[in-house]
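Undergrad: Input: one structure, supplied below.
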Amino acid sequence: MKAIQVKRPDQMVLIDMETPVIDSKNNVLVKIKAAGICGSDVGIYHGTNAAATYPRVIGHEMVGEVVEIGENVSKIKVGDRVIIDQVTNCGHCYACRKGRGNVCANLNVRGVHIDGGYREYMAVPEDDCYILPDSLAYEDAVMIEPATIAIQCCSRAELCEEDILIILGCGALGSSILRIARLSGAKIIMADIVDDKLQEALDKGAHHVINLAKEDFEARVKEYSNGYGPTVAIDAACTKDSLSKLLAVVGNAGRVITMGFSVNSTEINQFSITSKELDIRGSRLQNKKFGEAIRLIEEGKLDLKGSISHKFPFKEAQKAFDFNDSRDPAIRKIVLMFE
């Protein structure tokens with residue numbers, strides 16, 4: 001079978017791999033139909049994702065059709081359309097015992113530490129497969145995984161109706177968070193530098209938007225948060241100064257959620273945290289949130305259709321990543337489609 005592998009930073013190749021064979025553990029064989037390009041995939045490709053190991057078949061947003069099952073499989077059948085959980089954990093370390101297997105001490109993430117979804121077939125455990133809603137095409141179903149990341153993030157933030165939320169960044173991550181955050185009833189402010197993305201945020205439920213390149217960020221945030229400051233801030237931009245911007249504006253006793261994976265230094269000071277007794281919380285991956293995302297879709301509360309801006313054949317992954325690097329403002333989400 002064919003696969004897309006990053007041999008080392010900035011070197012992507014199309015390789016031949018052995019088609020996997022199911023066994024007692026990896027007892028479901030999935031023919032991959034679509035896989036998304038995420039910011040973390042781009043980070044692995046460019047060598048800025050500190051968690052990745054090389055060489056690596058990347059891709060962790062993967063959906064496909066079940067083509068073979070083992071004798072011990074009871075919940076999945078051949079022909080099922082599924083999405084695959086990217087998180088694997090040990091089940092016995094401190095984090096796992098606390099119900100936080102997404103930060104397992106022995107964590108292996110498909111597409112990061114072990115080979116992922118940019119290949120034609122994957123053999124995985126039945127428990128890592130979730131049946132897709134019939135209403136979603138494969139390319140749209142790729143967006144379930146980003147939705148789980150957003151659900152995890154809002155869960156870590158303990159977001160509720162009384163909150164005023166600032167989301168910094170209106171890209172794919174920020175847009176996914178907006179979809180989930182608006183279900184809480186919180187007042188939502190979004191900030192970015194691209195007017196089209198800000199308008200899209202308003203169209204999708206944000207109450208206020210701020211153009212960082214044209215407006216006084218702190219003044220606008222203060223205005224839109226009744227002078228107190230947001231009670232929750234989520235960094236979906238993950239740039240060198242995005243965290244410091246949020247620490248400066250969030251209100252006393254607020255929660256600040258970080259999601260970036262860069263190891264580059266960023267300047268913050270303890271006073272901005274301690275003086276307001278802020279909670280700074282990381283949010284990584286997702287913790288068994290696929291079922292919740294699918295339930296929201298089936299209840300009509302989460303609409304993932306129309307999220308994909310561009311599609312490429314998976315064998316043209318290099319072309320797709322080069323296009324992503326162009327930072328064309330039309331880019332929202334790029335998906336690789338399999339034959």
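As shown in the structure tokens, the chain order sets the letters A, B, ...; within each chain, residues go from 1, and ligands are also counted from 1 in the order they appear.
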Residues near A:Val263, anyone? I mean within 12 Å using only C-alpha atoms, not counting same-chain ones fewer than 5 positions away, as a ChimeraX atom specification.
TA: /A:43,47-51,238-240
Undergrad: Which neighbours of A:Ile189 fall inside 12 Å, counting only C-alpha atoms, when residues of the same chain fewer than 3 positions from it are skipped, and could you give them as a ChimeraX atom specification?
TA: /A:163-170,174,177-178,181-182,186,192,198,201-202,204-211,217,220-225,229-234,250
Undergrad: Suppose you want the space between atom CA of A:Lys305 and atom CA of A:His60; what is it in Å?
TA: 19.5 Å
Undergrad: Would you give me, as CSV, each residue of stretch 60-127 of chain A having an atom within 8 Å of an atom of stretch 138-162 of chain A, along with its shortest atom pair and that distance in Å to one decimal, using only C-alpha atoms and sorting by chain and residue number?
TA:
```
residue,atom,partner,partner_atom,distance
A:Glu61,CA,A:Val142,CA,5.7
A:Met62,CA,A:Val142,CA,6.2
A:Val63,CA,A:Val142,CA,6.3
A:Gly64,CA,A:Tyr138,CA,7.3
A:Ile83,CA,A:Val142,CA,7.7
```
Undergrad: Store the residues of this selection in a file with N, CA, C and O atoms, as a CSV table (one decimal), in the first residue's frame.
TA:
```csv
chain,number,residue,atom,x,y,z
A,61,GLU,N,-6.3,12.8,11.7
A,61,GLU,CA,-7.8,13.1,11.4
A,61,GLU,C,-8.2,12.1,10.3
A,61,GLU,O,-8.1,12.5,9.1
A,62,MET,N,-8.5,10.9,10.6
A,62,MET,CA,-8.7,9.9,9.6
A,62,MET,C,-10.0,9.2,9.7
A,62,MET,O,-10.5,8.8,10.8
A,63,VAL,N,-10.7,9.0,8.5
A,63,VAL,CA,-11.9,8.3,8.4
A,63,VAL,C,-11.9,7.3,7.3
A,63,VAL,O,-11.1,7.4,6.4
A,64,GLY,N,-12.7,6.2,7.4
A,64,GLY,CA,-12.6,5.2,6.4
A,64,GLY,C,-13.7,4.2,6.5
A,64,GLY,O,-14.6,4.3,7.4
A,83,ILE,N,-14.6,6.7,12.2
A,83,ILE,CA,-13.5,7.6,12.4
A,83,ILE,C,-12.6,7.0,13.5
A,83,ILE,O,-13.1,6.2,14.4
```
Undergrad: Given only C-alpha atoms as the basis, pick out the residue of A:Leu246, A:Val42, A:Val6, A:Ile15 nearest to A:Asp322.
TA: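 Nearest to A:Asp322: A:Val42.
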Undergrad: Looking at only C-alpha atoms, which of A:Ser244, A:Ser135, A:Ser307, A:Ser283 is the one that sits closest to A:Glu200?
TA: A:Ser307
Undergrad: Tell me which protein, DNA and RNA residues are within 10 Å of stretch 85-95 of chain A, counting only C-alpha atoms, leaving out same-chain ones fewer than 3 positions away, and put them as an MDAnalysis selection string.
TA: chainID A and resid 59:63 82 98:112 114 116:117 124:125 127:130 145 148 285:290
Undergrad: What does the file look like for those residues with N, CA, C and O atoms, as a compact mmCIF listing (two decimals), in the first residue's frame?
TA:
```
# COMPACT_ATOMS: atom_id res chain seq x y z
N GLY A 59 -0.68 12.25 10.03
CA GLY A 59 -2.12 12.23 9.85
C GLY A 59 -2.83 11.61 11.03
O GLY A 59 -2.62 10.44 11.36
N HIS A 60 -3.67 12.42 11.69
CA HIS A 60 -4.43 11.91 12.85
C HIS A 60 -5.92 12.22 12.75
O HIS A 60 -6.68 11.87 13.65
N GLU A 61 -6.34 12.84 11.68
CA GLU A 61 -7.76 13.07 11.42
C GLU A 61 -8.16 12.14 10.28
O GLU A 61 -8.09 12.50 9.11
N MET A 62 -8.54 10.90 10.61
CA MET A 62 -8.69 9.89 9.57
C MET A 62 -10.02 9.15 9.68
O MET A 62 -10.45 8.77 10.77
N VAL A 63 -10.66 9.01 8.53
CA VAL A 63 -11.94 8.30 8.45
C VAL A 63 -11.87 7.29 7.31
O VAL A 63 -11.09 7.45 6.37
N VAL A 82 -16.24 4.71 9.66
CA VAL A 82 -15.75 5.00 11.00
C VAL A 82 -14.72 6.12 11.00
O VAL A 82 -14.08 6.41 9.99
N LYS A 98 -6.32 8.79 36.72
CA LYS A 98 -7.14 9.96 37.00
C LYS A 98 -8.13 10.25 35.86
O LYS A 98 -8.77 11.30 35.85
N GLY A 99 -8.22 9.33 34.91
CA GLY A 99 -9.16 9.52 33.81
C GLY A 99 -8.70 10.51 32.77
O GLY A 99 -9.53 11.06 32.04
N ARG A 100 -7.39 10.71 32.67
CA ARG A 100 -6.84 11.68 31.71
C ARG A 100 -5.82 11.01 30.80
O ARG A 100 -4.67 11.41 30.69
N GLY A 101 -6.29 9.97 30.13
CA GLY A 101 -5.42 9.19 29.26
C GLY A 101 -4.86 9.95 28.09
O GLY A 101 -3.89 9.52 27.47
N ASN A 102 -5.44 11.11 27.78
CA ASN A 102 -4.90 11.94 26.69
C ASN A 102 -3.54 12.54 27.03
O ASN A 102 -2.84 13.04 26.14
N VAL A 103 -3.16 12.52 28.29
CA VAL A 103 -1.82 12.96 28.69
C VAL A 103 -1.11 11.83 29.43
O VAL A 103 -0.34 12.05 30.36
N CYS A 104 -1.39 10.60 29.03
CA CYS A 104 -0.72 9.41 29.56
C CYS A 104 0.79 9.59 29.55
O CYS A 104 1.36 10.16 28.62
N ALA A 105 1.45 9.09 30.60
CA ALA A 105 2.92 9.17 30.67
C ALA A 105 3.57 8.37 29.56
O ALA A 105 4.72 8.61 29.20
N ASN A 106 2.83 7.41 29.01
CA ASN A 106 3.34 6.56 27.93
C ASN A 106 2.54 6.78 26.64
O ASN A 106 2.35 5.85 25.86
N LEU A 107 2.09 8.00 26.46
CA LEU A 107 1.21 8.35 25.36
C LEU A 107 1.85 8.07 24.00
O LEU A 107 3.01 8.40 23.76
N ASN A 108 1.05 7.47 23.12
CA ASN A 108 1.42 7.33 21.71
C ASN A 108 0.26 7.84 20.87
O ASN A 108 -0.85 7.30 20.96
N VAL A 109 0.51 8.86 20.09
CA VAL A 109 -0.52 9.44 19.24
C VAL A 109 -0.27 9.01 17.80
O VAL A 109 0.85 9.14 17.28
N ARG A 110 -1.32 8.48 17.18
CA ARG A 110 -1.20 8.09 15.78
C ARG A 110 -0.90 9.32 14.93
O ARG A 110 -1.56 10.34 15.03
N GLY A 111 0.13 9.20 14.11
CA GLY A 111 0.54 10.31 13.27
C GLY A 111 1.58 11.20 13.89
O GLY A 111 2.08 12.13 13.24
N VAL A 112 1.92 10.93 15.17
CA VAL A 112 2.93 11.74 15.87
C VAL A 112 4.05 10.84 16.40
O VAL A 112 5.20 10.97 16.00
N ILE A 114 3.54 7.27 16.61
CA ILE A 114 3.40 6.06 15.82
C ILE A 114 2.70 6.43 14.51
O ILE A 114 2.12 7.50 14.40
N GLY A 116 0.41 7.17 11.41
CA GLY A 116 -0.97 7.64 11.40
C GLY A 116 -1.71 7.33 10.12
O GLY A 116 -1.48 6.31 9.47
N GLY A 117 -2.59 8.26 9.74
CA GLY A 117 -3.62 7.98 8.75
C GLY A 117 -3.34 8.33 7.31
O GLY A 117 -4.20 8.09 6.46
N VAL A 124 -6.56 -1.29 13.62
CA VAL A 124 -6.70 -0.63 14.91
C VAL A 124 -7.63 -1.44 15.80
O VAL A 124 -8.42 -2.26 15.30
N PRO A 125 -7.60 -1.22 17.12
CA PRO A 125 -8.55 -1.89 18.01
C PRO A 125 -9.98 -1.41 17.77
O PRO A 125 -10.22 -0.25 17.43
N ASP A 127 -12.21 -0.69 19.87
CA ASP A 127 -12.59 0.40 20.78
C ASP A 127 -12.14 1.76 20.29
O ASP A 127 -12.60 2.78 20.80
N ASP A 128 -11.23 1.80 19.33
CA ASP A 128 -10.75 3.07 18.79
C ASP A 128 -11.54 3.50 17.55
O ASP A 128 -11.20 4.50 16.92
N CYS A 129 -12.59 2.77 17.20
CA CYS A 129 -13.41 3.09 16.04
C CYS A 129 -14.78 3.60 16.48
O CYS A 129 -15.42 3.00 17.35
N TYR A 130 -15.23 4.68 15.87
CA TYR A 130 -16.54 5.25 16.15
C TYR A 130 -17.30 5.36 14.84
O TYR A 130 -16.79 5.91 13.86
N GLU A 145 -12.85 15.07 14.37
CA GLU A 145 -11.67 15.08 15.25
C GLU A 145 -11.36 16.49 15.76
O GLU A 145 -11.19 16.67 16.98
N THR A 148 -13.65 17.26 18.52
CA THR A 148 -13.30 16.66 19.82
C THR A 148 -12.24 17.48 20.54
O THR A 148 -12.25 17.57 21.77
N LEU A 285 -5.00 17.34 22.81
CA LEU A 285 -5.74 16.27 22.14
C LEU A 285 -7.19 16.24 22.61
O LEU A 285 -7.84 17.27 22.71
N GLN A 286 -7.68 15.04 22.95
CA GLN A 286 -9.03 14.87 23.46
C GLN A 286 -9.06 13.60 24.29
O GLN A 286 -8.24 12.70 24.13
N ASN A 287 -10.00 13.57 25.21
CA ASN A 287 -10.09 12.46 26.15
C ASN A 287 -11.43 11.75 25.97
O ASN A 287 -12.40 12.07 26.64
N LYS A 288 -11.46 10.82 25.00
CA LYS A 288 -12.66 10.03 24.72
C LYS A 288 -13.86 10.94 24.41
O LYS A 288 -14.96 10.76 24.92
N LYS A 289 -13.66 11.92 23.54
CA LYS A 289 -14.72 12.89 23.22
C LYS A 289 -15.44 12.59 21.90
O LYS A 289 -16.35 13.33 21.53
N PHE A 290 -15.05 11.52 21.19
CA PHE A 290 -15.68 11.26 19.91
C PHE A 290 -17.17 10.97 20.06
O PHE A 290 -17.99 11.43 19.25
```
Undergrad: Could you pull out the alpha helix (DSSP H) residues of stretch 193-325 of chain A, going by DSSP on the backbone, and write them as a PyMOL selection string?
TA: chain A and resi 195-203+217-224+242-249+270-274+290-298+317-325
Undergrad: Please compute the atom CA of A:Arg255-atom CA of A:Leu243 distance, one decimal, in Å.
TA: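 Pair atom CA of A:Arg255 / atom CA of A:Leu243 returns 12.1 Å.
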Undergrad: Quick one: pull the distance between atom CA of A:Ile84 and atom CA of A:Ala236, Å, one decimal.
TA: 23.7 Å
Undergrad: Hey, which of A:Leu278, A:Leu29, A:Ile331, A:Glu292 ends up closest to A:Glu65? Count only C-alpha atoms.
TA: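 Under the stated criterion, the closest residue is A:Leu29.
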Undergrad: Can you check which residues of stretch 160-204 of chain A DSSP gives as strand (DSSP E or B) on the backbone and send them as a VMD selection string?
TA: chain A and resid 164 to 168 187 to 192
Undergrad: Excluding A:Pro9 and its own-chain neighbours fewer than 5 positions away, which residues fall within 8 Å of it when counting only C-alpha atoms? Please give them as a PyMOL selection string.
TA: chain A and resi 44-47
Undergrad: Can you tell me which residues surround A:Asn324 at a distance of at most 10 Å, considering only C-alpha atoms, apart from same-chain residues fewer than 3 positions away, and format the answer as a PDB file with N, CA, C and O atoms, in the first residue's frame?
TA:
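And here's around15.pdb as it stands now:
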```pdb
ATOM      1  N   ILE A  37      -5.613  17.778   7.058  1.00  0.00           N
ATOM      2  CA  ILE A  37      -4.325  18.411   7.360  1.00  0.00           C
ATOM      3  C   ILE A  37      -4.556  19.367   8.526  1.00  0.00           C
ATOM      4  O   ILE A  37      -5.345  20.315   8.417  1.00  0.00           O
ATOM      5  N   GLY A  39      -2.865  21.727  11.875  1.00  0.00           N
ATOM      6  CA  GLY A  39      -1.680  22.525  12.195  1.00  0.00           C
ATOM      7  C   GLY A  39      -0.557  21.701  12.787  1.00  0.00           C
ATOM      8  O   GLY A  39       0.622  21.985  12.540  1.00  0.00           O
ATOM      9  N   VAL A  42       1.342  20.034  10.028  1.00  0.00           N
ATOM     10  CA  VAL A  42       2.243  21.012   9.411  1.00  0.00           C
ATOM     11  C   VAL A  42       3.472  21.210  10.292  1.00  0.00           C
ATOM     12  O   VAL A  42       4.599  21.305   9.802  1.00  0.00           O
ATOM     13  N   HIS A 310     -10.633  23.001   0.688  1.00  0.00           N
ATOM     14  CA  HIS A 310      -9.841  22.458  -0.411  1.00  0.00           C
ATOM     15  C   HIS A 310      -9.638  20.959  -0.209  1.00  0.00           C
ATOM     16  O   HIS A 310      -9.476  20.484   0.923  1.00  0.00           O
ATOM     17  N   GLN A 318       2.262  16.498  -0.928  1.00  0.00           N
ATOM     18  CA  GLN A 318       3.278  17.557  -0.982  1.00  0.00           C
ATOM     19  C   GLN A 318       2.689  18.836  -1.569  1.00  0.00           C
ATOM     20  O   GLN A 318       2.913  19.943  -1.038  1.00  0.00           O
ATOM     21  N   LYS A 319       1.921  18.690  -2.627  1.00  0.00           N
ATOM     22  CA  LYS A 319       1.273  19.851  -3.239  1.00  0.00           C
ATOM     23  C   LYS A 319       0.312  20.506  -2.251  1.00  0.00           C
ATOM     24  O   LYS A 319       0.238  21.737  -2.155  1.00  0.00           O
ATOM     25  N   ALA A 320      -0.414  19.693  -1.496  1.00  0.00           N
ATOM     26  CA  ALA A 320      -1.370  20.217  -0.521  1.00  0.00           C
ATOM     27  C   ALA A 320      -0.657  20.975   0.595  1.00  0.00           C
ATOM     28  O   ALA A 320      -1.113  22.060   1.014  1.00  0.00           O
ATOM     29  N   PHE A 321       0.451  20.437   1.081  1.00  0.00           N
ATOM     30  CA  PHE A 321       1.195  21.107   2.153  1.00  0.00           C
ATOM     31  C   PHE A 321       1.842  22.388   1.632  1.00  0.00           C
ATOM     32  O   PHE A 321       1.910  23.391   2.356  1.00  0.00           O
ATOM     33  N   ARG A 327      -0.428  30.242   2.760  1.00  0.00           N
ATOM     34  CA  ARG A 327      -1.277  31.069   3.625  1.00  0.00           C
ATOM     35  C   ARG A 327      -2.338  31.831   2.825  1.00  0.00           C
ATOM     36  O   ARG A 327      -2.717  32.948   3.162  1.00  0.00           O
ATOM     37  N   ASP A 328      -2.789  31.208   1.772  1.00  0.00           N
ATOM     38  CA  ASP A 328      -3.895  31.772   1.001  1.00  0.00           C
ATOM     39  C   ASP A 328      -5.069  32.022   1.949  1.00  0.00           C
ATOM     40  O   ASP A 328      -5.482  31.125   2.684  1.00  0.00           O
ATOM     41  N   PRO A 329      -5.622  33.236   1.970  1.00  0.00           N
ATOM     42  CA  PRO A 329      -6.709  33.531   2.918  1.00  0.00           C
ATOM     43  C   PRO A 329      -7.964  32.697   2.698  1.00  0.00           C
ATOM     44  O   PRO A 329      -8.833  32.652   3.570  1.00  0.00           O
ATOM     45  N   ILE A 331      -7.978  29.516   2.538  1.00  0.00           N
ATOM     46  CA  ILE A 331      -7.801  28.221   3.194  1.00  0.00           C
ATOM     47  C   ILE A 331      -8.533  28.200   4.532  1.00  0.00           C
ATOM     48  O   ILE A 331      -8.355  29.075   5.370  1.00  0.00           O
ATOM     49  N   ARG A 332      -9.375  27.207   4.700  1.00  0.00           N
ATOM     50  CA  ARG A 332     -10.006  26.928   5.989  1.00  0.00           C
ATOM     51  C   ARG A 332      -9.557  25.553   6.490  1.00  0.00           C
ATOM     52  O   ARG A 332      -8.930  25.435   7.519  1.00  0.00           O
ATOM     53  N   LYS A 333      -9.881  24.539   5.722  1.00  0.00           N
ATOM     54  CA  LYS A 333      -9.467  23.182   6.041  1.00  0.00           C
ATOM     55  C   LYS A 333      -9.163  22.448   4.759  1.00  0.00           C
ATOM     56  O   LYS A 333      -9.944  22.478   3.802  1.00  0.00           O
ATOM     57  N   ILE A 334      -8.014  21.779   4.723  1.00  0.00           N
ATOM     58  CA  ILE A 334      -7.589  21.000   3.567  1.00  0.00           C
ATOM     59  C   ILE A 334      -7.701  19.515   3.918  1.00  0.00           C
ATOM     60  O   ILE A 334      -7.271  19.097   5.004  1.00  0.00           O
TER      61      ILE A 334
END
```
